[in-house]
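Below is one structure, written out as structure tokens; comments come after it.
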Amino acid sequence: MSFVSSLRSYLKDQGVEFLWGSSVEALRANAQQCSIELGSQEITASQVVLAGGSWSSPLAKSVGLKLPLQAGKGYSLTVKNPNKELRHPAILVEAKIAMTPLEGAIRFGGTMEIDG
């Protein structure tokens with residue numbers, strides 16, 4: 001089982017509720033609780049994990065937090081069923097390419113564009 005699958009199972013066992021496909025419309029907070037608006041639904045909680053990638057900064061700003069993030073766009077190529085199996089991540093320094101083993105595949109990543 002992958003790390004993320006194990007983490008999801010653990011969190012569900014601890015009572016965490018996942019709302020897949022939900023869009024956060026607004027975030028509000030005070031000293032005691034947070035309020036999250038998901039369209040017509042509103043949820044309150046004593047703690048919230050903000051994990052919205054490059055969209056986290058504007059949400060954090062709406063509750064008075066400064067979260068210095070900058071969006072980036074990476075380019076990669078995934079080769080499924082390669083002839084040779086890669087056991088460990090590797091970096092081809094001169095070519096500036098990273099190789100990462102995935103289940104039955106190898107991902108090659110190179111360029112990163114910084115946005116905004």
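We label chains A, B, ... in the order they appear in the structure tokens, count residues from 1 in each chain, and number ligands from 1 in the order shown.
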
What are the DSSP strand (DSSP E) residues of segment 17-98 of chain A, as a compact mmCIF listing (two decimals) with N, CA, C and O atoms, in the first residue's frame?
```txt
# COMPACT_ATOMS: atom_id res chain seq x y z
N ALA A 26 -15.16 30.21 0.34
CA ALA A 26 -14.69 31.20 1.31
C ALA A 26 -14.16 30.49 2.55
O ALA A 26 -14.58 29.38 2.87
N LEU A 27 -13.25 31.16 3.23
CA LEU A 27 -12.66 30.66 4.47
C LEU A 27 -12.72 31.80 5.48
O LEU A 27 -12.35 32.93 5.17
N ARG A 28 -13.23 31.51 6.67
CA ARG A 28 -13.31 32.51 7.74
C ARG A 28 -12.76 31.88 9.02
O ARG A 28 -12.90 30.67 9.22
N ALA A 29 -12.15 32.71 9.87
CA ALA A 29 -11.58 32.17 11.11
C ALA A 29 -11.60 33.21 12.20
O ALA A 29 -11.51 34.41 11.95
N CYS A 34 -12.85 27.76 12.73
CA CYS A 34 -12.77 28.11 11.31
C CYS A 34 -14.10 27.75 10.66
O CYS A 34 -14.77 26.81 11.07
N SER A 35 -14.44 28.49 9.64
CA SER A 35 -15.64 28.22 8.87
C SER A 35 -15.25 28.14 7.41
O SER A 35 -14.54 29.00 6.89
N ILE A 36 -15.69 27.07 6.75
CA ILE A 36 -15.36 26.85 5.34
C ILE A 36 -16.66 26.79 4.56
O ILE A 36 -17.55 26.00 4.88
N GLU A 37 -16.76 27.64 3.55
CA GLU A 37 -17.96 27.66 2.71
C GLU A 37 -17.67 26.86 1.44
O GLU A 37 -16.76 27.15 0.69
N LEU A 38 -18.49 25.81 1.24
CA LEU A 38 -18.39 24.95 0.06
C LEU A 38 -19.68 25.08 -0.74
O LEU A 38 -20.58 24.26 -0.63
N GLN A 41 -23.01 24.66 1.21
CA GLN A 41 -22.71 24.00 2.48
C GLN A 41 -21.64 24.79 3.25
O GLN A 41 -20.70 25.32 2.66
N GLU A 42 -21.83 24.89 4.57
CA GLU A 42 -20.83 25.55 5.41
C GLU A 42 -20.42 24.58 6.52
O GLU A 42 -21.25 23.94 7.15
N ILE A 43 -19.12 24.47 6.74
CA ILE A 43 -18.57 23.55 7.73
C ILE A 43 -17.76 24.37 8.73
O ILE A 43 -17.01 25.26 8.35
N THR A 44 -17.92 24.05 10.02
CA THR A 44 -17.10 24.69 11.04
C THR A 44 -16.20 23.63 11.67
O THR A 44 -16.58 22.46 11.77
N ALA A 45 -15.03 24.06 12.08
CA ALA A 45 -14.05 23.14 12.68
C ALA A 45 -13.13 23.92 13.59
O ALA A 45 -12.95 25.13 13.45
N GLY A 72 4.21 27.18 -9.74
CA GLY A 72 5.20 26.70 -10.69
C GLY A 72 4.59 25.64 -11.57
O GLY A 72 3.64 24.95 -11.20
N LYS A 73 5.10 25.53 -12.78
CA LYS A 73 4.60 24.55 -13.72
C LYS A 73 5.77 23.70 -14.19
O LYS A 73 6.74 24.22 -14.72
N GLY A 74 5.66 22.41 -13.93
CA GLY A 74 6.75 21.51 -14.31
C GLY A 74 6.39 20.69 -15.54
O GLY A 74 5.22 20.50 -15.86
N TYR A 75 7.41 20.23 -16.22
CA TYR A 75 7.22 19.41 -17.40
C TYR A 75 7.83 18.05 -17.15
O TYR A 75 8.92 17.93 -16.62
N SER A 76 7.09 17.00 -17.51
CA SER A 76 7.60 15.66 -17.29
C SER A 76 7.09 14.72 -18.37
O SER A 76 6.15 15.03 -19.10
N LEU A 77 7.71 13.56 -18.42
CA LEU A 77 7.33 12.50 -19.33
C LEU A 77 7.35 11.21 -18.54
O LEU A 77 8.34 10.93 -17.85
N THR A 78 6.28 10.44 -18.59
CA THR A 78 6.22 9.17 -17.88
C THR A 78 6.26 8.04 -18.89
O THR A 78 5.45 8.00 -19.82
N VAL A 79 7.24 7.14 -18.72
CA VAL A 79 7.38 5.98 -19.59
C VAL A 79 6.87 4.77 -18.82
O VAL A 79 7.43 4.40 -17.78
N LYS A 80 5.80 4.16 -19.35
CA LYS A 80 5.23 2.98 -18.71
C LYS A 80 5.92 1.72 -19.23
O LYS A 80 6.31 1.68 -20.40
N ALA A 90 17.00 9.45 -9.39
CA ALA A 90 18.32 9.87 -9.85
C ALA A 90 18.21 11.22 -10.54
O ALA A 90 17.16 11.57 -11.09
N ILE A 91 19.29 11.97 -10.51
CA ILE A 91 19.36 13.26 -11.20
C ILE A 91 20.51 13.22 -12.18
O ILE A 91 21.65 12.92 -11.80
N LEU A 92 20.23 13.51 -13.44
CA LEU A 92 21.25 13.64 -14.46
C LEU A 92 21.67 15.10 -14.44
O LEU A 92 21.04 15.95 -15.07
N ILE A 97 17.98 16.79 -15.53
CA ILE A 97 16.80 15.93 -15.63
C ILE A 97 16.75 15.03 -14.41
O ILE A 97 17.75 14.45 -14.01
N ALA A 98 15.56 14.92 -13.81
CA ALA A 98 15.36 14.01 -12.69
C ALA A 98 14.59 12.79 -13.18
O ALA A 98 13.71 12.90 -14.02
```

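Residue neighbourhood of Leu50 of chain A, excluding near-sequence residues (fewer than 4 positions): Val24, Leu27, Cys34, Ile36, Ser54, Trp55, Ser56, Ser57, Pro58, Leu59, Ala60, Lys61, Val63, Leu65 and Leu67 of chain A, at 12 Å, using only C-alpha atoms.
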
Legend entry - Atomic separation - atom CA of Lys96 of chain A relative to atom CA of Lys84 of chain A, Å: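 Straight-line distance from atom CA of Lys84 of chain A to atom CA of Lys96 of chain A works out to 20.7 Å.
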
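Reported to one decimal place, the separation of atom CA of Ile106 of chain A from atom CA of Pro82 of chain A is 7.1 Å.
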